[in-house]
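Dumped run.cif below, it's mmCIF, C-alpha atoms and all ligand atoms:
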```
data_work
#
loop_
_atom_site.group_PDB
_atom_site.id
_atom_site.type_symbol
_atom_site.label_atom_id
_atom_site.label_comp_id
_atom_site.auth_asym_id
_atom_site.auth_seq_id
_atom_site.Cartn_x
_atom_site.Cartn_y
_atom_site.Cartn_z
ATOM 1 C CA MET Z 1 -18.967 3.590 8.796
ATOM 2 C CA PHE Z 2 -22.481 3.472 10.167
ATOM 3 C CA ILE Z 3 -23.973 6.104 12.391
ATOM 4 C CA GLN Z 4 -27.454 4.767 12.748
ATOM 5 C CA ASP Z 5 -28.645 3.843 16.222
ATOM 6 C CA PHE Z 6 -31.329 1.200 16.178
ATOM 7 C CA GLY Z 7 -33.823 0.570 18.965
ATOM 8 C CA LEU Z 8 -33.169 -2.087 21.609
ATOM 9 C CA ASP Z 9 -36.403 -3.879 20.823
ATOM 10 C CA GLN Z 10 -35.296 -4.785 17.282
ATOM 11 C CA VAL Z 11 -34.742 -8.482 16.469
ATOM 12 C CA TRP Z 12 -31.296 -9.007 14.977
ATOM 13 C CA ILE Z 13 -30.322 -12.287 13.459
ATOM 14 C CA THR Z 14 -27.278 -11.953 11.246
ATOM 15 C CA ASP Z 15 -24.223 -10.031 12.374
ATOM 16 C CA LEU Z 16 -22.596 -8.455 9.335
ATOM 17 C CA PHE Z 17 -20.226 -5.845 10.666
ATOM 18 C CA SER Z 18 -17.797 -5.604 13.517
ATOM 19 C CA LEU Z 19 -18.319 -3.135 16.309
ATOM 20 C CA SER Z 20 -15.488 -1.031 14.890
ATOM 21 C CA ASP Z 21 -17.764 -0.272 11.947
ATOM 22 C CA THR Z 22 -20.153 1.579 14.190
ATOM 23 C CA ILE Z 23 -19.833 5.068 15.511
ATOM 24 C CA ALA Z 24 -20.001 5.536 19.272
ATOM 25 C CA VAL Z 25 -23.517 6.068 20.550
ATOM 26 C CA PRO Z 26 -24.687 6.296 24.170
ATOM 27 C CA SER Z 27 -23.455 3.063 25.775
ATOM 28 C CA ARG Z 28 -26.845 1.583 26.717
ATOM 29 C CA ARG Z 29 -27.921 1.842 23.095
ATOM 30 C CA ARG Z 30 -24.685 0.817 21.383
ATOM 31 C CA ARG Z 31 -25.570 -1.906 18.875
ATOM 32 C CA ARG Z 32 -23.838 -3.939 16.253
ATOM 33 C CA LYS Z 33 -24.937 -3.152 12.719
ATOM 34 C CA GLU Z 34 -26.903 -6.193 11.723
ATOM 35 C CA VAL Z 35 -29.380 -7.208 9.042
ATOM 36 C CA ILE Z 36 -32.456 -9.263 9.632
ATOM 37 C CA THR Z 37 -32.651 -12.684 7.992
ATOM 38 C CA LEU Z 38 -35.862 -13.475 6.184
ATOM 39 C CA THR Z 39 -36.820 -16.839 7.682
ATOM 40 C CA PRO Z 40 -39.722 -18.772 6.085
ATOM 41 C CA GLN Z 41 -41.880 -17.746 9.044
ATOM 42 C CA LEU Z 42 -41.013 -14.086 8.662
ATOM 43 C CA TYR Z 43 -41.470 -14.202 4.886
ATOM 44 C CA ALA Z 44 -44.915 -15.772 5.357
ATOM 45 C CA TYR Z 45 -45.739 -12.873 7.659
ATOM 46 C CA LEU Z 46 -44.491 -10.380 5.074
ATOM 47 C CA LEU Z 47 -46.587 -12.014 2.327
ATOM 48 C CA ALA Z 48 -49.622 -11.974 4.596
ATOM 49 C CA ASN Z 49 -49.182 -8.204 4.628
ATOM 50 C CA VAL Z 50 -49.168 -7.823 0.841
ATOM 51 C CA PRO Z 51 -52.644 -6.875 -0.404
ATOM 52 C CA GLU Z 52 -52.410 -8.842 -3.660
ATOM 53 C CA PRO Z 53 -55.151 -7.863 -6.146
ATOM 54 C CA PRO Z 54 -57.523 -10.845 -6.773
ATOM 55 C CA ILE Z 55 -56.703 -10.949 -10.511
ATOM 56 C CA LEU Z 56 -52.996 -11.286 -9.739
ATOM 57 C CA ARG Z 57 -53.712 -14.033 -7.224
ATOM 58 C CA GLN Z 58 -55.772 -15.858 -9.840
ATOM 59 C CA LEU Z 59 -52.926 -15.580 -12.369
ATOM 60 C CA ARG Z 60 -50.390 -16.790 -9.801
ATOM 61 C CA GLN Z 61 -52.588 -19.770 -8.993
ATOM 62 C CA GLU Z 62 -53.079 -20.675 -12.655
ATOM 63 C CA THR Z 63 -49.336 -20.350 -13.309
ATOM 64 C CA SER Z 64 -48.380 -22.429 -10.263
ATOM 65 C CA THR Z 65 -49.042 -25.690 -12.117
ATOM 66 C CA MET Z 66 -47.004 -24.665 -15.164
ATOM 67 C CA PRO Z 67 -43.358 -25.376 -15.910
ATOM 68 C CA GLY Z 68 -41.260 -22.354 -14.975
ATOM 69 C CA SER Z 69 -43.734 -21.024 -12.395
ATOM 70 C CA GLN Z 70 -40.820 -20.252 -10.081
ATOM 71 C CA MET Z 71 -39.774 -17.573 -12.615
ATOM 72 C CA GLN Z 72 -42.733 -15.393 -11.725
ATOM 73 C CA VAL Z 73 -41.933 -12.389 -9.525
ATOM 74 C CA SER Z 74 -43.203 -12.688 -5.956
ATOM 75 C CA PRO Z 75 -46.212 -10.656 -4.729
ATOM 76 C CA ASP Z 76 -43.947 -8.411 -2.643
ATOM 77 C CA GLN Z 77 -41.743 -7.731 -5.683
ATOM 78 C CA ALA Z 78 -44.777 -6.904 -7.809
ATOM 79 C CA GLN Z 79 -46.024 -4.609 -5.077
ATOM 80 C CA LEU Z 80 -42.703 -2.736 -5.083
ATOM 81 C CA LEU Z 81 -42.699 -2.444 -8.891
ATOM 82 C CA ALA Z 82 -46.235 -1.050 -8.836
ATOM 83 C CA MET Z 83 -45.285 1.374 -6.073
ATOM 84 C CA LEU Z 84 -42.296 2.662 -8.064
ATOM 85 C CA VAL Z 85 -44.477 3.181 -11.139
ATOM 86 C CA GLN Z 86 -46.994 5.108 -9.052
ATOM 87 C CA ILE Z 87 -44.352 7.241 -7.311
ATOM 88 C CA LEU Z 88 -42.860 8.099 -10.706
ATOM 89 C CA GLY Z 89 -46.283 8.926 -12.129
ATOM 90 C CA ALA Z 90 -45.142 6.755 -15.027
ATOM 91 C CA GLN Z 91 -47.060 6.792 -18.297
ATOM 92 C CA ARG Z 92 -44.718 4.835 -20.560
ATOM 93 C CA CYS Z 93 -43.178 1.568 -19.397
ATOM 94 C CA ILE Z 94 -41.273 -1.383 -20.817
ATOM 95 C CA GLU Z 95 -40.976 -4.946 -19.554
ATOM 96 C CA LEU Z 96 -38.491 -7.525 -20.814
ATOM 97 C CA GLY Z 97 -39.488 -11.091 -19.917
ATOM 98 C CA VAL Z 98 -43.259 -11.346 -19.479
ATOM 99 C CA TYR Z 99 -43.759 -15.114 -18.971
ATOM 100 C CA THR Z 100 -47.473 -15.452 -18.035
ATOM 101 C CA GLY Z 101 -47.756 -11.769 -17.198
ATOM 102 C CA TYR Z 102 -47.653 -11.390 -13.419
ATOM 103 C CA SER Z 103 -45.232 -8.444 -13.154
ATOM 104 C CA SER Z 104 -46.545 -6.751 -16.308
ATOM 105 C CA LEU Z 105 -50.127 -7.008 -15.054
ATOM 106 C CA ALA Z 106 -49.103 -5.576 -11.669
ATOM 107 C CA VAL Z 107 -47.636 -2.559 -13.497
ATOM 108 C CA ALA Z 108 -50.532 -2.222 -15.958
ATOM 109 C CA LEU Z 109 -53.076 -2.206 -13.113
ATOM 110 C CA VAL Z 110 -51.574 0.967 -11.661
ATOM 111 C CA LEU Z 111 -50.869 2.744 -14.946
ATOM 112 C CA PRO Z 112 -53.297 5.548 -15.827
ATOM 113 C CA GLU Z 113 -55.829 4.864 -18.597
ATOM 114 C CA SER Z 114 -53.575 6.716 -21.039
ATOM 115 C CA GLY Z 115 -50.531 4.679 -19.940
ATOM 116 C CA ARG Z 116 -48.687 2.199 -22.129
ATOM 117 C CA LEU Z 117 -46.598 -0.847 -21.313
ATOM 118 C CA VAL Z 118 -44.435 -2.422 -24.012
ATOM 119 C CA ALA Z 119 -44.274 -6.088 -22.957
ATOM 120 C CA CYS Z 120 -41.555 -8.173 -24.644
ATOM 121 C CA GLU Z 121 -41.552 -11.980 -24.567
ATOM 122 C CA ARG Z 122 -40.167 -14.635 -26.906
ATOM 123 C CA ASP Z 123 -42.402 -17.507 -25.746
ATOM 124 C CA GLY Z 124 -45.756 -17.413 -27.509
ATOM 125 C CA LYS Z 125 -47.388 -20.008 -25.270
ATOM 126 C CA SER Z 126 -46.893 -18.147 -21.993
ATOM 127 C CA LEU Z 127 -47.768 -14.909 -23.768
ATOM 128 C CA GLN Z 128 -51.224 -16.324 -24.534
ATOM 129 C CA ILE Z 129 -51.907 -16.629 -20.811
ATOM 130 C CA ALA Z 130 -50.602 -13.121 -20.209
ATOM 131 C CA LYS Z 131 -52.932 -11.744 -22.875
ATOM 132 C CA LYS Z 132 -55.889 -13.611 -21.386
ATOM 133 C CA TYR Z 133 -55.237 -11.921 -18.036
ATOM 134 C CA TYR Z 134 -54.762 -8.483 -19.589
ATOM 135 C CA GLU Z 135 -58.271 -8.963 -21.007
ATOM 136 C CA LEU Z 136 -59.726 -10.255 -17.752
ATOM 137 C CA ALA Z 137 -58.215 -7.324 -15.852
ATOM 138 C CA GLY Z 138 -59.428 -4.787 -18.430
ATOM 139 C CA VAL Z 139 -55.951 -3.445 -19.184
ATOM 140 C CA SER Z 140 -55.443 -4.712 -22.767
ATOM 141 C CA HIS Z 141 -55.717 -1.173 -24.116
ATOM 142 C CA LYS Z 142 -52.588 -0.237 -22.134
ATOM 143 C CA MET Z 143 -50.558 -3.161 -23.463
ATOM 144 C CA ASP Z 144 -48.243 -3.187 -26.476
ATOM 145 C CA VAL Z 145 -47.182 -6.841 -26.622
ATOM 146 C CA ARG Z 146 -44.055 -7.661 -28.610
ATOM 147 C CA HIS Z 147 -43.617 -11.364 -29.346
ATOM 148 C CA GLY Z 148 -39.934 -11.963 -30.105
ATOM 149 C CA LEU Z 149 -36.483 -11.233 -28.774
ATOM 150 C CA ALA Z 150 -36.417 -8.445 -26.236
ATOM 151 C CA ALA Z 151 -33.289 -6.763 -27.631
ATOM 152 C CA ASP Z 152 -34.891 -6.614 -31.094
ATOM 153 C CA ALA Z 153 -37.983 -4.948 -29.652
ATOM 154 C CA LEU Z 154 -35.836 -2.326 -27.896
ATOM 155 C CA LYS Z 155 -33.854 -1.625 -31.072
ATOM 156 C CA SER Z 156 -37.094 -1.180 -32.964
ATOM 157 C CA LEU Z 157 -38.379 1.338 -30.376
ATOM 158 C CA ILE Z 158 -35.125 3.300 -30.706
ATOM 159 C CA SER Z 159 -35.252 3.299 -34.491
ATOM 160 C CA ASN Z 160 -38.879 4.432 -34.214
ATOM 161 C CA GLY Z 161 -37.646 7.646 -32.565
ATOM 162 C CA GLU Z 162 -38.757 6.766 -29.021
ATOM 163 C CA ALA Z 163 -35.441 7.504 -27.265
ATOM 164 C CA CYS Z 164 -35.730 9.228 -23.863
ATOM 165 C CA SER Z 165 -39.527 8.824 -23.857
ATOM 166 C CA TYR Z 166 -39.999 6.030 -21.289
ATOM 167 C CA ASP Z 167 -40.424 6.484 -17.551
ATOM 168 C CA PHE Z 168 -39.893 2.968 -16.284
ATOM 169 C CA ALA Z 169 -38.433 -0.352 -17.425
ATOM 170 C CA PHE Z 170 -38.330 -3.766 -15.758
ATOM 171 C CA VAL Z 171 -35.729 -6.301 -16.920
ATOM 172 C CA ASP Z 172 -36.509 -9.979 -16.293
ATOM 173 C CA ALA Z 173 -35.471 -11.780 -19.511
ATOM 174 C CA GLU Z 174 -32.184 -13.473 -20.529
ATOM 175 C CA LYS Z 175 -29.632 -12.976 -17.750
ATOM 176 C CA ARG Z 176 -26.573 -12.979 -20.021
ATOM 177 C CA MET Z 177 -28.101 -10.147 -22.015
ATOM 178 C CA TYR Z 178 -28.402 -7.752 -19.075
ATOM 179 C CA LYS Z 179 -25.563 -5.515 -20.235
ATOM 180 C CA GLU Z 180 -27.047 -5.150 -23.711
ATOM 181 C CA TYR Z 181 -30.583 -4.599 -22.353
ATOM 182 C CA PHE Z 182 -29.260 -1.978 -19.980
ATOM 183 C CA GLU Z 183 -27.459 -0.022 -22.711
ATOM 184 C CA LEU Z 184 -30.549 -0.054 -24.939
ATOM 185 C CA LEU Z 185 -32.861 0.911 -22.090
ATOM 186 C CA LEU Z 186 -30.579 3.783 -21.091
ATOM 187 C CA GLN Z 187 -31.321 5.224 -24.515
ATOM 188 C CA LEU Z 188 -35.078 4.732 -24.141
ATOM 189 C CA VAL Z 189 -35.596 5.931 -20.568
ATOM 190 C CA ARG Z 190 -35.744 9.637 -19.778
ATOM 191 C CA VAL Z 191 -33.533 11.382 -17.232
ATOM 192 C CA GLY Z 192 -35.019 10.625 -13.808
ATOM 193 C CA GLY Z 193 -36.668 7.451 -15.127
ATOM 194 C CA LEU Z 194 -36.049 4.012 -13.629
ATOM 195 C CA ILE Z 195 -34.619 0.761 -14.945
ATOM 196 C CA VAL Z 196 -35.262 -2.085 -12.501
ATOM 197 C CA ILE Z 197 -33.233 -5.268 -12.942
ATOM 198 C CA ASP Z 198 -34.400 -8.588 -11.482
ATOM 199 C CA ASN Z 199 -32.383 -11.557 -10.164
ATOM 200 C CA VAL Z 200 -29.301 -9.529 -9.275
ATOM 201 C CA LEU Z 201 -28.623 -11.779 -6.261
ATOM 202 C CA TRP Z 202 -29.132 -14.906 -8.409
ATOM 203 C CA HIS Z 203 -30.110 -17.317 -5.622
ATOM 204 C CA GLY Z 204 -27.108 -16.095 -3.638
ATOM 205 C CA LYS Z 205 -24.637 -17.509 -6.172
ATOM 206 C CA VAL Z 206 -23.166 -14.071 -6.979
ATOM 207 C CA ALA Z 207 -21.682 -13.959 -3.469
ATOM 208 C CA ASP Z 208 -20.083 -17.414 -3.691
ATOM 209 C CA PRO Z 209 -16.595 -17.219 -5.276
ATOM 210 C CA LEU Z 210 -16.733 -20.971 -5.966
ATOM 211 C CA VAL Z 211 -19.668 -20.541 -8.359
ATOM 212 C CA ASN Z 212 -18.491 -19.433 -11.785
ATOM 213 C CA ASP Z 213 -21.063 -20.647 -14.308
ATOM 214 C CA PRO Z 214 -21.720 -18.231 -17.214
ATOM 215 C CA LYS Z 215 -24.985 -16.775 -15.855
ATOM 216 C CA THR Z 216 -23.565 -16.162 -12.386
ATOM 217 C CA VAL Z 217 -20.401 -14.558 -13.765
ATOM 218 C CA SER Z 218 -22.460 -12.431 -16.112
ATOM 219 C CA ILE Z 219 -24.734 -11.128 -13.332
ATOM 220 C CA ARG Z 220 -21.747 -10.599 -11.010
ATOM 221 C CA ASN Z 221 -19.970 -8.541 -13.677
ATOM 222 C CA PHE Z 222 -23.136 -6.629 -14.421
ATOM 223 C CA ASN Z 223 -23.576 -5.768 -10.732
ATOM 224 C CA ARG Z 224 -19.974 -4.555 -10.448
ATOM 225 C CA ASN Z 225 -20.135 -2.449 -13.602
ATOM 226 C CA ILE Z 226 -23.438 -0.822 -12.775
ATOM 227 C CA MET Z 227 -22.139 0.214 -9.363
ATOM 228 C CA GLU Z 228 -19.365 2.180 -11.080
ATOM 229 C CA ASP Z 229 -21.605 3.537 -13.845
ATOM 230 C CA LYS Z 230 -21.867 7.320 -13.486
ATOM 231 C CA ARG Z 231 -24.900 7.467 -15.785
ATOM 232 C CA VAL Z 232 -27.160 6.025 -13.079
ATOM 233 C CA SER Z 233 -27.651 6.046 -9.338
ATOM 234 C CA ILE Z 234 -28.593 2.658 -7.938
ATOM 235 C CA SER Z 235 -30.106 0.800 -5.025
ATOM 236 C CA MET Z 236 -29.789 -2.988 -4.765
ATOM 237 C CA VAL Z 237 -32.791 -4.295 -2.853
ATOM 238 C CA PRO Z 238 -32.916 -7.820 -1.337
ATOM 239 C CA VAL Z 239 -36.503 -8.487 -2.410
ATOM 240 C CA GLY Z 240 -37.337 -11.705 -4.263
ATOM 241 C CA ASP Z 241 -34.121 -12.834 -5.945
ATOM 242 C CA GLY Z 242 -32.698 -9.321 -5.611
ATOM 243 C CA MET Z 243 -33.650 -6.269 -7.659
ATOM 244 C CA THR Z 244 -31.457 -3.286 -8.523
ATOM 245 C CA ILE Z 245 -33.295 -0.014 -9.015
ATOM 246 C CA CYS Z 246 -31.346 2.288 -11.360
ATOM 247 C CA ARG Z 247 -32.291 5.949 -11.771
ATOM 248 C CA LYS Z 248 -31.003 7.594 -14.937
ATOM 249 C CA ARG Z 249 -29.018 10.760 -14.175
HETATM 250 C C1 LIG E 1 -38.175 -14.828 -15.269
HETATM 251 S S1 LIG E 1 -39.316 -15.042 -16.546
HETATM 252 C C2 LIG E 1 -40.272 -13.581 -16.437
HETATM 253 C C3 LIG E 1 -41.245 -13.608 -15.305
HETATM 254 C C4 LIG E 1 -42.237 -12.462 -15.337
HETATM 255 N N1 LIG E 1 -41.589 -11.199 -15.159
HETATM 256 C C5 LIG E 1 -43.318 -12.677 -14.300
HETATM 257 O O1 LIG E 1 -43.346 -11.963 -13.300
HETATM 258 O O2 LIG E 1 -44.115 -13.596 -14.481
HETATM 259 C C6 LIG E 1 -38.301 -14.748 -17.930
HETATM 260 C C7 LIG E 1 -39.031 -14.725 -19.255
HETATM 261 O O3 LIG E 1 -38.145 -14.140 -20.192
HETATM 262 C C8 LIG E 1 -38.331 -14.757 -21.434
HETATM 263 N N2 LIG E 1 -37.113 -14.546 -22.213
HETATM 264 C C9 LIG E 1 -35.896 -15.101 -22.020
HETATM 265 N N3 LIG E 1 -35.024 -14.636 -22.918
HETATM 266 C C10 LIG E 1 -35.710 -13.767 -23.705
HETATM 267 C C11 LIG E 1 -35.356 -12.964 -24.822
HETATM 268 N N4 LIG E 1 -34.110 -12.979 -25.288
HETATM 269 N N5 LIG E 1 -36.302 -12.195 -25.364
HETATM 270 C C12 LIG E 1 -37.576 -12.191 -24.891
HETATM 271 N N6 LIG E 1 -37.980 -12.936 -23.845
HETATM 272 C C13 LIG E 1 -37.054 -13.707 -23.259
HETATM 273 C C14 LIG E 1 -38.587 -16.221 -21.095
HETATM 274 O O4 LIG E 1 -39.297 -16.855 -22.142
HETATM 275 C C15 LIG E 1 -39.390 -16.093 -19.804
HETATM 276 O O5 LIG E 1 -40.773 -16.161 -20.070
#
```
Show me the file's structure as structure tokens.
Ligand SMILES: C[S@@+](CC[C@H](N)C(=O)[O-])C[C@H]1O[C@@H](n2cnc3c(N)ncnc32)[C@H](O)[C@@H]1O
Amino acid sequence: MFIQDFGLDQVWITDLFSLSDTIAVPSRRRRRKEVITLTPQLYAYLLANVPEPPILRQLRQETSTMPGSQMQVSPDQAQLLAMLVQILGAQRCIELGVYTGYSSLAVALVLPESGRLVACERDGKSLQIAKKYYELAGVSHKMDVRHGLAADALKSLISNGEACSYDFAFVDAEKRMYKEYFELLLQLVRVGGLIVIDNVLWHGKVADPLVNDPKTVSIRNFNRNIMEDKRVSISMVPVGDGMTICRKR
């Protein structure tokens, strides 16, 4: 049931709920509960309102000609990640799935000088570009780059006695490993810390019952399980390809 009363001047595009899902409000202002659709025009407007740091823009432009460039998080996603890190006052962060470094650089730029970001990536070639940009941006001293499988890096941090010492983690590596990453990160992140998971809407395929390929099924199952997981509180945000923000209880 929804009790919110939205203004009459709002632009509504997609009708999601019937009127019976709304609580009675004064008749002139009674509205259907609807969610705005992000049209290309509206998304262009949104992006025009993201103050992307020049070094991130340069990295995005260099990556745009490379295979896999569509894997990079969008500027608005990176902005949200950086905002979460700043709100948390995070010092110790982890990223799984670096590619050429866009999201990790966005986080590193807002970390304090004493901050540390463990950046895990299995592809050495894209990691070289990431490292070049860490240097250019002057954040190399905050980076702890782990070349190899992300799960192995997490296990090594745990066996190194670093459980419950991280403030923030961003998961953007192998989709079918999300459950394992999540369990390992729950050990590494402190109470009140965040684990942010990318691609939870998986190009919309998770909502289509006719799509049942292994990655889609895996993400769908992950989404269902995490919603029932009492160890975290969550918020699924329709930014980029969908990100779920999990706060460890
Ligand atoms: C979606 S891209 C990451 C994009 C990055 N966050 C950005 O904003 O540019 C996923 C990356 O995860 C890496 N990856 C996939 N499986 C992995 C694994 N098991 N361990 C480490 N890295 C992995 C891929 O090589 C790829 O570079």
Residues in the PyMOL selection byres (((chain Z and resi 122) around 12) and not hetatm), expressed as a PyMOL selection string
chain Z and resi 96-100+119-121+123-128+145-153+173-174
Shortest interatomic distance to ligand LIG 1 (chain E) - which of Z:Asp167, Z:Glu183, Z:Asp241, Z:Asp229, counting only C-alpha atoms and all ligand atoms
Z:Asp241
Result set, the PyMOL selection byres (((chain Z and resi 102) around 12) and not hetatm) on current file, as an MDAnalysis selection string:
chainID Z and resid 52:64 69:79 81:82 95 97:101 103:109 119 126:127 129:134 137 172
Would you compute an axis-aligned box for ligand LIG 1 (chain E), covering every atom listed for it in the file with 4 Å of margin on each side, and report centre and edge lengths in Å to one decimal as JSON?
```
{"center_x": -39.1, "center_y": -14.0, "center_z": -19.3, "size_x": 18.0, "size_y": 13.7, "size_z": 20.1}
```
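Counting only C-alpha atoms, segment 161-166 of chain Z has the following residues at most 9 Å away, ignoring those fewer than 6 positions along the same chain: Ala90, Gln91, Arg92, Cys93, Ile94, Leu185, Leu186, Gln187, Leu188, Val189, Arg190, Val191, Gly193 and Leu194 of chain Z.
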May I have the residues from that selection written out with C-alpha atoms, as an mmCIF file, in the frame of the given file?
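Now in selection01.cif:
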```
data_model
loop_
_atom_site.group_PDB
_atom_site.id
_atom_site.type_symbol
_atom_site.label_atom_id
_atom_site.label_comp_id
_atom_site.auth_asym_id
_atom_site.auth_seq_id
_atom_site.Cartn_x
_atom_site.Cartn_y
_atom_site.Cartn_z
ATOM 1 C CA ALA Z 90 -45.142 6.755 -15.027
ATOM 2 C CA GLN Z 91 -47.060 6.792 -18.297
ATOM 3 C CA ARG Z 92 -44.718 4.835 -20.560
ATOM 4 C CA CYS Z 93 -43.178 1.568 -19.397
ATOM 5 C CA ILE Z 94 -41.273 -1.383 -20.817
ATOM 6 C CA LEU Z 185 -32.861 0.911 -22.090
ATOM 7 C CA LEU Z 186 -30.579 3.783 -21.091
ATOM 8 C CA GLN Z 187 -31.321 5.224 -24.515
ATOM 9 C CA LEU Z 188 -35.078 4.732 -24.141
ATOM 10 C CA VAL Z 189 -35.596 5.931 -20.568
ATOM 11 C CA ARG Z 190 -35.744 9.637 -19.778
ATOM 12 C CA VAL Z 191 -33.533 11.382 -17.232
ATOM 13 C CA GLY Z 193 -36.668 7.451 -15.127
ATOM 14 C CA LEU Z 194 -36.049 4.012 -13.629
#
```
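Relative to atom CA of Ile219 of chain Z, atom CA of Arg176 of chain Z is found at 7.2 Å.
Ranking Z:Ile197, Z:Val237, Z:Leu210, Z:Val232 by their shortest atom-to-atom distance to ligand LIG 1 (chain E), with only C-alpha atoms and all ligand atoms included, puts Z:Ile197 first.
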Name every residue that the PyMOL selection byres (((chain Z and resi 204) around 12) and not hetatm) selects in this structure, writing the answer as an MDAnalysis selection string with chains first and numbers rising.
chainID Z and resid 199:203 205:211 216 219:220 238 240:242
Atom-to-atom span, atom C15 of ligand LIG 1 (chain E) and atom CA of Met236 of chain Z, Å:
22.1 Å
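With all atoms listed in the file as the basis for measurement, Z:Val171 is the residue among Z:Val171, Z:Ser233, Z:Gly192, Z:Val239 that approaches ligand LIG 1 (chain E) most closely.
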